[in-house]
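Q: Next up, entry-v9.csv (CSV, C-alpha atoms).
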```csv
chain,number,residue,atom,x,y,z
A,24,MET,CA,76.6,100.8,107.3
A,25,ALA,CA,75.5,103.4,104.8
A,26,ARG,CA,75.0,102.2,101.2
A,27,TYR,CA,75.1,104.6,98.3
A,28,VAL,CA,74.3,104.0,94.7
A,29,VAL,CA,76.2,105.9,92.0
A,30,ASP,CA,74.6,105.8,88.5
A,31,VAL,CA,76.9,106.9,85.7
A,32,MET,CA,75.5,107.5,82.2
A,33,PRO,CA,77.2,108.8,79.0
A,34,LYS,CA,76.1,112.4,78.4
A,35,PRO,CA,73.2,112.6,75.9
A,36,GLU,CA,75.4,114.3,73.2
A,37,ILE,CA,78.1,111.6,73.5
A,38,LEU,CA,77.9,108.6,71.1
A,39,ASP,CA,77.2,105.4,73.1
A,40,PRO,CA,78.4,102.5,70.9
A,41,GLN,CA,77.6,99.9,73.5
A,42,GLY,CA,74.0,101.1,73.8
A,43,LYS,CA,73.8,101.1,70.0
A,44,ALA,CA,75.0,97.4,69.9
A,45,VAL,CA,72.3,96.4,72.4
A,46,LEU,CA,69.7,98.4,70.4
A,47,GLY,CA,70.8,96.5,67.3
A,48,ALA,CA,70.5,93.1,69.0
A,49,LEU,CA,67.0,93.5,70.6
A,50,PRO,CA,64.9,93.4,67.4
A,51,ARG,CA,66.8,90.2,66.4
A,52,LEU,CA,65.5,88.7,69.6
A,53,GLY,CA,61.9,89.7,68.8
A,54,PHE,CA,61.7,92.8,70.9
A,55,ALA,CA,60.0,95.2,68.6
A,56,GLY,CA,59.5,98.9,69.1
A,57,VAL,CA,62.7,99.7,71.0
A,58,VAL,CA,63.9,103.1,69.8
A,59,GLU,CA,66.9,103.9,72.0
A,60,VAL,CA,69.2,102.1,74.5
A,61,ARG,CA,71.9,103.9,76.5
A,62,GLN,CA,74.3,101.9,78.6
A,63,GLY,CA,75.8,103.2,81.8
A,64,LYS,CA,77.3,101.9,85.0
A,65,ARG,CA,76.0,101.4,88.5
A,66,PHE,CA,78.3,101.4,91.6
A,67,GLU,CA,77.3,100.4,95.1
A,68,VAL,CA,79.5,102.0,97.7
A,69,GLU,CA,79.3,101.0,101.4
A,70,ILE,CA,80.6,103.4,104.0
A,71,GLU,CA,81.2,102.9,107.7
A,72,GLY,CA,78.7,104.4,110.0
A,73,ASP,CA,75.3,106.0,109.3
A,74,ALA,CA,74.4,108.0,106.2
A,75,THR,CA,75.3,111.6,106.9
A,76,PRO,CA,75.6,114.7,104.7
A,77,ASP,CA,79.4,114.3,105.1
A,78,SER,CA,79.4,110.7,103.8
A,79,LEU,CA,77.1,111.7,100.9
A,80,ALA,CA,79.5,114.5,100.0
A,81,GLU,CA,82.3,112.1,100.1
A,82,VAL,CA,80.6,109.7,97.7
A,83,GLN,CA,79.9,112.6,95.4
A,84,GLN,CA,83.5,113.4,95.5
A,85,MET,CA,84.4,109.8,94.5
A,86,ALA,CA,81.9,110.0,91.6
A,87,GLU,CA,83.4,113.3,90.4
A,88,THR,CA,87.1,112.2,90.6
A,89,LEU,CA,87.1,108.5,89.8
A,90,LEU,CA,83.8,106.8,89.1
A,91,SER,CA,82.8,109.1,86.3
A,92,ASN,CA,84.6,111.3,83.8
A,93,PRO,CA,82.7,114.6,83.8
A,94,VAL,CA,83.8,115.3,80.2
A,95,ILE,CA,81.7,112.4,78.8
A,96,GLU,CA,79.5,111.2,81.7
A,97,ASP,CA,76.9,112.4,84.1
A,98,TYR,CA,76.4,110.9,87.5
A,99,GLU,CA,73.8,110.7,90.2
A,100,VAL,CA,74.2,109.6,93.8
A,101,HIS,CA,71.5,108.3,96.1
A,102,LEU,CA,71.0,106.1,99.1
A,103,ALA,CA,70.3,102.5,98.4
B,6,MET,CA,118.6,113.2,76.4
B,7,ARG,CA,117.3,110.7,78.9
B,8,VAL,CA,113.7,109.7,78.1
B,9,GLY,CA,111.6,107.8,80.6
B,10,VAL,CA,109.0,105.2,79.5
B,11,VAL,CA,106.4,104.3,82.2
B,12,THR,CA,105.3,100.7,82.5
B,13,PHE,CA,101.9,100.3,84.0
B,14,PRO,CA,100.3,96.9,84.8
B,15,GLY,CA,98.9,96.0,81.4
B,16,SER,CA,101.2,98.3,79.3
B,17,LEU,CA,102.0,96.6,75.9
B,18,ASP,CA,104.1,98.9,74.0
B,19,ASP,CA,106.6,100.1,76.6
B,20,VAL,CA,109.4,97.9,75.1
B,21,ASP,CA,108.8,99.2,71.6
B,22,ALA,CA,108.6,102.8,72.9
B,23,ARG,CA,112.0,102.4,74.6
B,24,ARG,CA,113.4,100.9,71.4
B,25,ALA,CA,112.0,103.9,69.4
B,26,VAL,CA,113.6,106.3,72.0
B,27,ARG,CA,117.0,104.6,71.4
B,28,PHE,CA,116.5,104.7,67.6
B,29,GLY,CA,115.8,108.4,68.1
B,30,GLY,CA,119.2,108.8,69.6
B,31,HIS,CA,118.4,109.0,73.3
B,32,GLU,CA,118.9,106.9,76.4
B,33,ALA,CA,115.7,105.0,77.3
B,34,VAL,CA,114.9,104.8,81.0
B,35,ALA,CA,112.3,102.3,82.3
B,36,LEU,CA,110.0,103.9,84.8
B,37,TRP,CA,107.6,102.0,87.1
B,38,HIS,CA,104.0,103.1,87.7
B,39,GLY,CA,104.4,102.4,91.4
B,40,ASP,CA,107.4,104.7,92.0
B,41,HIS,CA,107.2,108.3,93.0
B,42,ASP,CA,110.4,108.8,90.9
B,43,LEU,CA,111.1,110.0,87.4
B,44,GLN,CA,114.9,109.2,87.9
B,45,GLY,CA,115.9,112.6,86.6
B,46,VAL,CA,114.7,112.0,83.0
B,47,ASP,CA,114.3,114.9,80.6
B,48,ALA,CA,111.1,113.7,78.9
B,49,VAL,CA,108.5,111.0,79.5
B,50,VAL,CA,106.5,108.7,77.2
B,51,LEU,CA,103.3,107.0,78.4
B,52,PRO,CA,103.0,104.0,76.2
B,53,GLY,CA,100.1,102.1,74.7
B,54,GLY,CA,98.4,99.1,76.1
B,55,PHE,CA,95.5,98.2,78.4
B,56,SER,CA,96.7,99.5,81.7
B,57,TYR,CA,94.7,98.1,84.6
B,58,GLY,CA,92.8,96.1,82.0
B,59,ASP,CA,91.0,99.2,80.9
B,60,TYR,CA,88.8,98.7,84.0
B,61,LEU,CA,86.4,101.5,84.8
B,62,ARG,CA,87.5,103.6,81.8
B,63,CYS,CA,90.7,103.5,79.8
B,64,GLY,CA,93.3,105.3,81.7
B,65,ALA,CA,91.1,106.1,84.7
B,66,ILE,CA,93.0,104.1,87.2
B,67,SER,CA,96.5,104.7,85.8
B,68,ARG,CA,95.8,108.4,86.1
B,69,PHE,CA,96.1,107.9,89.9
B,70,ALA,CA,99.2,105.7,89.8
B,71,PRO,CA,102.0,107.0,92.1
B,72,VAL,CA,104.3,108.0,89.2
B,73,MET,CA,101.6,110.2,87.7
B,74,THR,CA,101.9,112.7,90.5
B,75,GLU,CA,105.4,113.4,89.3
B,76,VAL,CA,104.5,113.2,85.6
B,77,ILE,CA,101.7,115.8,86.1
B,78,GLU,CA,104.0,118.1,88.1
B,79,ALA,CA,106.8,117.9,85.6
B,80,ALA,CA,104.4,118.4,82.7
B,81,GLY,CA,103.2,121.6,84.4
B,82,LYS,CA,106.8,122.8,84.5
B,83,GLY,CA,107.3,122.2,80.8
B,84,MET,CA,108.8,118.7,80.6
B,85,PRO,CA,108.0,117.0,77.3
B,86,VAL,CA,105.4,114.3,77.8
B,87,LEU,CA,104.1,112.1,74.9
B,88,GLY,CA,101.1,109.8,75.5
B,89,ILE,CA,100.5,107.2,72.8
B,90,CYS,CA,97.2,105.4,72.6
B,91,ASN,CA,96.5,104.3,76.2
B,92,GLY,CA,99.0,107.0,77.1
B,93,PHE,CA,96.8,109.6,75.3
B,94,GLN,CA,93.8,108.2,77.3
B,95,ILE,CA,95.7,108.6,80.5
B,96,LEU,CA,96.7,112.2,79.6
B,97,CYS,CA,93.0,113.0,79.0
B,98,GLU,CA,91.9,111.4,82.3
B,99,SER,CA,94.7,113.4,84.1
B,100,HIS,CA,93.2,116.6,82.6
B,101,LEU,CA,96.7,117.4,81.1
B,102,LEU,CA,94.8,117.3,77.8
B,103,PRO,CA,91.1,118.2,77.1
B,104,GLY,CA,88.5,115.8,75.9
B,105,ALA,CA,88.2,112.1,76.1
B,106,LEU,CA,88.5,108.9,74.1
B,107,ILE,CA,85.6,106.6,73.7
B,108,ARG,CA,84.8,103.3,72.0
B,109,ASN,CA,85.2,103.3,68.2
B,110,ASP,CA,82.0,104.3,66.5
B,111,HIS,CA,82.0,101.1,64.4
B,112,ARG,CA,82.6,99.1,67.6
B,113,LYS,CA,85.4,97.0,66.2
B,114,PHE,CA,89.1,96.9,67.1
B,115,ASN,CA,91.2,98.6,64.4
B,116,CYS,CA,94.7,97.6,63.3
B,117,VAL,CA,95.8,99.3,60.1
B,118,ASP,CA,98.5,101.3,58.5
B,119,GLN,CA,97.1,104.8,58.9
B,120,ARG,CA,97.9,108.0,56.9
B,121,LEU,CA,98.1,111.1,59.0
B,122,ARG,CA,98.8,114.8,58.4
B,123,ILE,CA,101.1,116.4,61.0
B,124,GLU,CA,99.7,119.8,61.7
B,125,ARG,CA,101.5,121.2,64.7
B,126,VAL,CA,105.3,121.1,64.4
B,127,ASP,CA,106.4,123.5,67.1
B,128,THR,CA,106.2,120.8,69.8
B,129,PRO,CA,109.2,118.9,71.2
B,130,TRP,CA,107.7,115.7,69.7
B,131,THR,CA,107.0,116.9,66.2
B,132,SER,CA,109.6,119.5,65.3
B,133,ALA,CA,111.4,117.1,63.0
B,134,TYR,CA,108.3,117.2,60.7
B,135,SER,CA,107.3,119.9,58.3
B,136,ALA,CA,103.8,121.4,58.7
B,137,GLY,CA,101.3,119.5,56.6
B,138,GLN,CA,103.6,116.5,56.1
B,139,GLU,CA,101.8,113.3,55.4
B,140,VAL,CA,103.0,110.2,57.2
B,141,THR,CA,101.9,106.5,57.6
B,142,VAL,CA,102.1,104.8,61.0
B,143,VAL,CA,100.3,102.0,62.7
B,144,LEU,CA,96.9,102.6,64.3
B,145,LYS,CA,95.5,100.0,66.6
B,146,ASN,CA,92.8,100.7,69.0
B,147,GLY,CA,89.3,99.8,70.3
B,148,GLU,CA,88.6,103.0,72.1
B,149,GLY,CA,90.2,105.7,70.0
B,150,GLY,CA,87.3,108.0,69.2
B,151,TYR,CA,88.3,111.5,70.3
B,152,VAL,CA,85.4,113.5,71.7
B,153,ALA,CA,85.2,117.0,73.3
B,154,SER,CA,82.6,119.7,73.3
B,155,GLU,CA,82.2,121.9,70.2
B,156,GLU,CA,83.7,124.8,72.3
B,157,VAL,CA,86.8,122.8,73.2
B,158,LEU,CA,87.2,121.6,69.6
B,159,ASP,CA,86.9,125.1,68.3
B,160,ARG,CA,89.5,126.3,70.8
B,161,LEU,CA,91.9,123.4,69.9
B,162,GLU,CA,91.6,124.3,66.2
B,163,GLY,CA,91.8,128.1,66.8
B,164,GLU,CA,95.0,127.8,68.9
B,165,GLY,CA,96.6,125.4,66.4
B,166,ARG,CA,96.7,122.5,69.0
B,167,VAL,CA,95.6,119.7,66.6
B,168,VAL,CA,98.9,117.9,66.2
B,169,ALA,CA,97.8,115.2,63.8
B,170,ARG,CA,94.7,114.4,61.8
B,171,TYR,CA,93.5,111.2,60.1
B,172,LEU,CA,93.6,111.2,56.3
B,173,GLY,CA,91.3,109.0,54.2
B,174,ASP,CA,88.4,107.3,56.0
B,175,ASN,CA,88.0,108.3,59.6
B,176,PRO,CA,89.1,105.1,61.4
B,177,ASN,CA,87.3,105.4,64.7
B,178,GLY,CA,84.8,108.2,64.8
B,179,SER,CA,87.2,110.9,66.2
B,180,LEU,CA,85.5,114.3,66.0
B,181,ARG,CA,87.0,116.5,63.2
B,182,ASP,CA,89.3,113.6,62.3
B,183,ILE,CA,91.6,114.4,65.3
B,184,ALA,CA,94.4,111.9,65.8
B,185,GLY,CA,96.5,113.9,68.3
B,186,ILE,CA,96.4,117.1,70.3
B,187,SER,CA,98.7,119.1,72.5
B,188,ASN,CA,98.3,121.3,75.5
B,189,GLU,CA,98.7,125.1,75.1
B,190,ARG,CA,102.4,125.2,75.7
B,191,GLY,CA,102.9,122.2,73.3
B,192,ASN,CA,105.1,120.1,75.7
B,193,VAL,CA,102.3,117.6,76.3
B,194,VAL,CA,101.2,115.7,73.2
B,195,GLY,CA,98.6,112.9,73.0
B,196,LEU,CA,98.4,110.7,70.0
B,197,MET,CA,96.2,107.7,69.2
B,198,PRO,CA,98.3,106.2,66.4
B,199,HIS,CA,101.6,104.5,67.2
B,200,PRO,CA,104.8,106.1,65.8
B,201,GLU,CA,106.9,103.8,67.9
B,202,HIS,CA,105.8,100.9,65.6
B,203,ALA,CA,107.1,102.7,62.5
B,204,VAL,CA,110.8,103.4,63.2
B,205,GLU,CA,112.6,100.8,61.1
B,206,ASP,CA,112.1,99.1,57.8
B,207,LEU,CA,112.3,95.6,59.1
B,208,CYS,CA,108.7,95.7,60.4
B,209,GLY,CA,105.8,98.1,60.2
B,210,PRO,CA,104.9,100.5,57.5
B,211,GLY,CA,108.2,102.3,57.3
B,212,THR,CA,110.1,104.8,59.4
B,213,ASP,CA,107.7,107.7,59.3
B,214,GLY,CA,107.2,107.5,63.1
B,215,LEU,CA,110.8,108.1,63.9
B,216,GLY,CA,110.4,111.9,63.8
B,217,PHE,CA,108.5,111.8,67.1
B,218,PHE,CA,111.6,110.5,68.7
B,219,THR,CA,114.3,112.5,66.9
B,220,SER,CA,112.3,115.8,67.4
B,221,LEU,CA,113.4,115.8,71.0
B,222,ALA,CA,117.0,116.4,70.1
B,223,ALA,CA,116.1,119.0,67.5
B,224,ALA,CA,114.0,120.8,70.2
B,225,ALA,CA,116.9,120.6,72.7
B,226,PHE,CA,119.3,122.3,70.3
B,227,ALA,CA,116.8,124.8,68.7
```
Can you dump the structure from the file as structure tokens?
A:
Amino acid sequence: MARYVVDVMPKPEILDPQGKAVLGALPRLGFAGVVEVRQGKRFEVEIEGDATPDSLAEVQQMAETLLSNPVIEDYEVHLA
Amino acid sequence: MRVGVVTFPGSLDDVDARRAVRFGGHEAVALWHGDHDLQGVDAVVLPGGFSYGDYLRCGAISRFAPVMTEVIEAAGKGMPVLGICNGFQILCESHLLPGALIRNDHRKFNCVDQRLRIERVDTPWTSAYSAGQEVTVVLKNGEGGYVASEEVLDRLEGEGRVVARYLGDNPNGSLRDIAGISNERGNVVGLMPHPEHAVEDLCGPGTDGLGFFTSLAAAAFA
């Protein structure tokens, strides 16, 4: 079984209100010195068979078409 | 005309949209997300709500619903398609419209009577309005912030494809106060506010939204 991780993050220029909410909460909990928080998503995708260039390409295709929206998000795929 | 309104799992405003279609003088046809069938309608409305629970991203899963294959194909041939709120999000996810909608910049859900300026009136959904007309309809959204690259925003403005803009305080952080846009041809319109909730005096802020549904007839006989 091949296990891939897809990390999806809002593009740097896109406002991330969820990250901002977390950033606002941390000082209240006593975590000082935090200057920025960005919130993204992590997907773990298991594929039948061994990891191959083909299965990697397939997961990249999934990331491109469904797991991320390329208009507002960047993604990275790597083996778990 | 026969106007289809698609119901997705989690659609909220499909019944109101069908009612508004009837108030606009048309036959409303209920369409189902799981059918590869538009039942021969002349136009389609994608209604508001939280289709598929807004899982993954708003509209991301609905965009691949079976009926969307037919909607995208028909839109490409010029069929009028109106996406309201969640429907606007689905149109962006489908790449029928550029840009995307993200969480409101103030992070709260909005539910207000919103003033708008209608700017593009040569679409089948807005021809009943006059250019620059100010209207008040309901706005209710949690993820209504319209974003796109500067290049795309410039192109939308340059080509006159901003259909409606927010007046007064920007309610959700939408870039350039954009409330609605269209594709190049003008047959596909996405709108974050809800004209279907403003079609009769009994409830809602008036009848300013009715024009979105009477425009179809005007367009058909133009």
Q: Dump as JSON, numbers by chain the residues of chain A that approach chain B to within 10 Å, counting all atoms listed in the file.
A: {"A": [36, 37, 38, 39, 40, 41, 43, 44, 64, 88, 89, 90, 91, 92, 93, 94, 95]}
Q: As a short mmCIF file (atom, residue, chain, number, x, y, z; two decimals) with C-alpha atoms, keeping the file's coordinate frame, please: the residues near B:Met84 (cut-off 7 Å, all atoms listed in the file, same-chain neighbours under 2 positions excluded).
A:
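Final file, result-v5.cif:
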```
data_model
loop_
_atom_site.label_atom_id
_atom_site.label_comp_id
_atom_site.auth_asym_id
_atom_site.auth_seq_id
_atom_site.Cartn_x
_atom_site.Cartn_y
_atom_site.Cartn_z
CA ASP B 47 114.30 114.90 80.60
CA ALA B 48 111.10 113.70 78.90
CA ALA B 79 106.80 117.90 85.60
CA ALA B 80 104.40 118.40 82.70
CA LYS B 82 106.80 122.80 84.50
CA VAL B 86 105.40 114.30 77.80
CA ASN B 192 105.10 120.10 75.70
#
```
Q: Within 8 Å of B:Glu75, counting all atoms listed in the file, which residues qualify if same-chain residues fewer than 3 places away don't, as number ranges by chain?
A: B: 41-43, 71-72, 78-79
Q: Could you give me, as a PDB file with C-alpha atoms, keeping the file's coordinate frame, the residues that sit within 7 Å of (99.1, 114.8, 67.9) in the file's coordinates, counting all atoms listed in the file?
A:
```pdb
ATOM      1  CA  VAL B 167      95.600 119.700  66.600  1.00  0.00           C
ATOM      2  CA  VAL B 168      98.900 117.900  66.200  1.00  0.00           C
ATOM      3  CA  ALA B 169      97.800 115.200  63.800  1.00  0.00           C
ATOM      4  CA  ALA B 184      94.400 111.900  65.800  1.00  0.00           C
ATOM      5  CA  GLY B 185      96.500 113.900  68.300  1.00  0.00           C
ATOM      6  CA  ILE B 186      96.400 117.100  70.300  1.00  0.00           C
ATOM      7  CA  SER B 187      98.700 119.100  72.500  1.00  0.00           C
ATOM      8  CA  VAL B 194     101.200 115.700  73.200  1.00  0.00           C
ATOM      9  CA  GLY B 195      98.600 112.900  73.000  1.00  0.00           C
ATOM     10  CA  LEU B 196      98.400 110.700  70.000  1.00  0.00           C
TER      11      LEU B 196
END
```
Q: Need to verify the contact set: stretch 113-128 of chain B, 6 Å, only C-alpha atoms, exclusion of same-chain residues closer than 3 positions in sequence. Can you return it as a PyMOL selection string?
A: chain B and resi 131-132+136-147+168-172+191
Q: Have a look at A:Gly42, A:Val58, A:Thr75, A:Phe66 and name the one nearest to A:Val29; count all atoms listed in the file.
A: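 Comparing A:Gly42, A:Val58, A:Thr75, A:Phe66 against A:Val29, the winner is A:Phe66.
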Q: Could you list, as number ranges by chain, every residue within 12 Å of B:His38, counting only C-alpha atoms and ignoring same-chain residues fewer than 2 positions away?
A: B: 9-16, 19, 35-36, 40-43, 51-52, 56-57, 66-76
Q: Padding 8 Å on every side, please: axis-aligned box over the listed atoms of stretch 178-190 of chain B, centre and edge lengths to one decimal in Å, as AutoDock Vina command-line options.
A:
```
--center_x 93.6 --center_y 116.7 --center_z 69.0 --size_x 33.6 --size_y 33.0 --size_z 29.4
```
Q: List every protein, DNA or RNA residue with an atom no more than 7 Å from (117.0, 110.9, 83.4) in the file's coordinates, counting only C-alpha atoms, and format the result as a PDB file with C-alpha atoms, in the frame of the given file.
A:
```
ATOM      1  CA  ARG B   7     117.300 110.700  78.900  1.00  0.00           C
ATOM      2  CA  VAL B   8     113.700 109.700  78.100  1.00  0.00           C
ATOM      3  CA  GLY B   9     111.600 107.800  80.600  1.00  0.00           C
ATOM      4  CA  VAL B  34     114.900 104.800  81.000  1.00  0.00           C
ATOM      5  CA  GLN B  44     114.900 109.200  87.900  1.00  0.00           C
ATOM      6  CA  GLY B  45     115.900 112.600  86.600  1.00  0.00           C
ATOM      7  CA  VAL B  46     114.700 112.000  83.000  1.00  0.00           C
ATOM      8  CA  ASP B  47     114.300 114.900  80.600  1.00  0.00           C
TER       9      ASP B  47
END
```
Q: May I ask for the distance between atom CA of A:Ala103 and atom CA of A:Gln62, given in Å to one decimal place?
A: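 Spanning atom CA of A:Ala103 to atom CA of A:Gln62 is a straight-line distance of 20.2 Å.
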Q: Could you complete stretch 47-79 of chain A so that it carries N, CA and C atoms, and give it back as an mmCIF file, keeping the file's coordinate frame?
A:
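Contents of the output file selection.cif:
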```
data_model
loop_
_atom_site.group_PDB
_atom_site.id
_atom_site.type_symbol
_atom_site.label_atom_id
_atom_site.label_comp_id
_atom_site.auth_asym_id
_atom_site.auth_seq_id
_atom_site.Cartn_x
_atom_site.Cartn_y
_atom_site.Cartn_z
ATOM 1 N N GLY A 47 70.774 97.277 68.528
ATOM 2 C CA GLY A 47 70.800 96.500 67.300
ATOM 3 C C GLY A 47 70.394 95.041 67.532
ATOM 4 N N ALA A 48 70.713 94.536 68.735
ATOM 5 C CA ALA A 48 70.500 93.100 69.000
ATOM 6 C C ALA A 48 69.018 92.842 69.412
ATOM 7 N N LEU A 49 68.352 93.801 70.029
ATOM 8 C CA LEU A 49 67.000 93.500 70.600
ATOM 9 C C LEU A 49 65.985 93.124 69.505
ATOM 10 N N PRO A 50 65.913 93.833 68.363
ATOM 11 C CA PRO A 50 64.900 93.400 67.400
ATOM 12 C C PRO A 50 65.171 91.979 66.871
ATOM 13 N N ARG A 51 66.447 91.583 66.814
ATOM 14 C CA ARG A 51 66.800 90.200 66.400
ATOM 15 C C ARG A 51 66.198 89.183 67.330
ATOM 16 N N LEU A 52 66.010 89.594 68.586
ATOM 17 C CA LEU A 52 65.500 88.700 69.600
ATOM 18 C C LEU A 52 63.937 88.781 69.666
ATOM 19 N N GLY A 53 63.380 89.592 68.795
ATOM 20 C CA GLY A 53 61.900 89.700 68.800
ATOM 21 C C GLY A 53 61.365 90.837 69.592
ATOM 22 N N PHE A 54 62.233 91.658 70.190
ATOM 23 C CA PHE A 54 61.700 92.800 70.900
ATOM 24 C C PHE A 54 61.529 93.981 69.977
ATOM 25 N N ALA A 55 60.295 94.198 69.596
ATOM 26 C CA ALA A 55 60.000 95.200 68.600
ATOM 27 C C ALA A 55 59.750 96.562 69.303
ATOM 28 N N GLY A 56 59.890 97.637 68.569
ATOM 29 C CA GLY A 56 59.500 98.900 69.100
ATOM 30 C C GLY A 56 60.499 99.621 70.000
ATOM 31 N N VAL A 57 61.697 99.056 70.152
ATOM 32 C CA VAL A 57 62.700 99.700 71.000
ATOM 33 C C VAL A 57 63.369 100.810 70.136
ATOM 34 N N VAL A 58 63.339 102.056 70.602
ATOM 35 C CA VAL A 58 63.900 103.100 69.800
ATOM 36 C C VAL A 58 65.240 103.631 70.274
ATOM 37 N N GLU A 59 65.568 103.377 71.539
ATOM 38 C CA GLU A 59 66.900 103.900 72.000
ATOM 39 C C GLU A 59 67.296 103.067 73.245
ATOM 40 N N VAL A 60 68.602 102.766 73.315
ATOM 41 C CA VAL A 60 69.200 102.100 74.500
ATOM 42 C C VAL A 60 70.462 102.888 74.837
ATOM 43 N N ARG A 61 70.611 103.304 76.072
ATOM 44 C CA ARG A 61 71.900 103.900 76.500
ATOM 45 C C ARG A 61 72.421 103.009 77.623
ATOM 46 N N GLN A 62 73.705 102.745 77.583
ATOM 47 C CA GLN A 62 74.300 101.900 78.600
ATOM 48 C C GLN A 62 75.183 102.688 79.525
ATOM 49 N N GLY A 63 74.958 102.488 80.826
ATOM 50 C CA GLY A 63 75.800 103.200 81.800
ATOM 51 C C GLY A 63 76.350 102.213 82.826
ATOM 52 N N LYS A 64 76.748 102.746 83.973
ATOM 53 C CA LYS A 64 77.300 101.900 85.000
ATOM 54 C C LYS A 64 76.651 102.218 86.353
ATOM 55 N N ARG A 65 76.556 101.222 87.203
ATOM 56 C CA ARG A 65 76.000 101.400 88.500
ATOM 57 C C ARG A 65 77.038 100.942 89.553
ATOM 58 N N PHE A 66 77.357 101.789 90.490
ATOM 59 C CA PHE A 66 78.300 101.400 91.600
ATOM 60 C C PHE A 66 77.523 101.402 92.881
ATOM 61 N N GLU A 67 77.822 100.426 93.733
ATOM 62 C CA GLU A 67 77.300 100.400 95.100
ATOM 63 C C GLU A 67 78.411 100.568 96.053
ATOM 64 N N VAL A 68 78.346 101.626 96.815
ATOM 65 C CA VAL A 68 79.500 102.000 97.700
ATOM 66 C C VAL A 68 78.983 101.918 99.146
ATOM 67 N N GLU A 69 79.662 101.102 99.944
ATOM 68 C CA GLU A 69 79.300 101.000 101.400
ATOM 69 C C GLU A 69 80.305 101.792 102.196
ATOM 70 N N ILE A 70 79.761 102.580 103.123
ATOM 71 C CA ILE A 70 80.600 103.400 104.000
ATOM 72 C C ILE A 70 80.332 103.116 105.415
ATOM 73 N N GLU A 71 81.391 103.131 106.204
ATOM 74 C CA GLU A 71 81.200 102.900 107.700
ATOM 75 C C GLU A 71 80.312 103.927 108.277
ATOM 76 N N GLY A 72 79.536 103.510 109.261
ATOM 77 C CA GLY A 72 78.700 104.400 110.000
ATOM 78 C C GLY A 72 77.387 104.739 109.293
ATOM 79 N N ASP A 73 76.593 105.665 109.889
ATOM 80 C CA ASP A 73 75.300 106.000 109.300
ATOM 81 C C ASP A 73 75.464 106.966 108.139
ATOM 82 N N ALA A 74 74.402 107.042 107.325
ATOM 83 C CA ALA A 74 74.400 108.000 106.200
ATOM 84 C C ALA A 74 74.342 109.410 106.806
ATOM 85 N N THR A 75 75.241 110.255 106.386
ATOM 86 C CA THR A 75 75.300 111.600 106.900
ATOM 87 C C THR A 75 75.539 112.551 105.654
ATOM 88 N N PRO A 76 75.258 113.828 105.792
ATOM 89 C CA PRO A 76 75.600 114.700 104.700
ATOM 90 C C PRO A 76 77.081 114.646 104.316
ATOM 91 N N ASP A 77 77.926 114.400 105.331
ATOM 92 C CA ASP A 77 79.400 114.300 105.100
ATOM 93 C C ASP A 77 79.686 113.075 104.199
ATOM 94 N N SER A 78 79.064 111.917 104.541
ATOM 95 C CA SER A 78 79.400 110.700 103.800
ATOM 96 C C SER A 78 78.797 110.837 102.359
ATOM 97 N N LEU A 79 77.641 111.495 102.232
ATOM 98 C CA LEU A 79 77.100 111.700 100.900
ATOM 99 C C LEU A 79 78.025 112.593 100.065
#
```
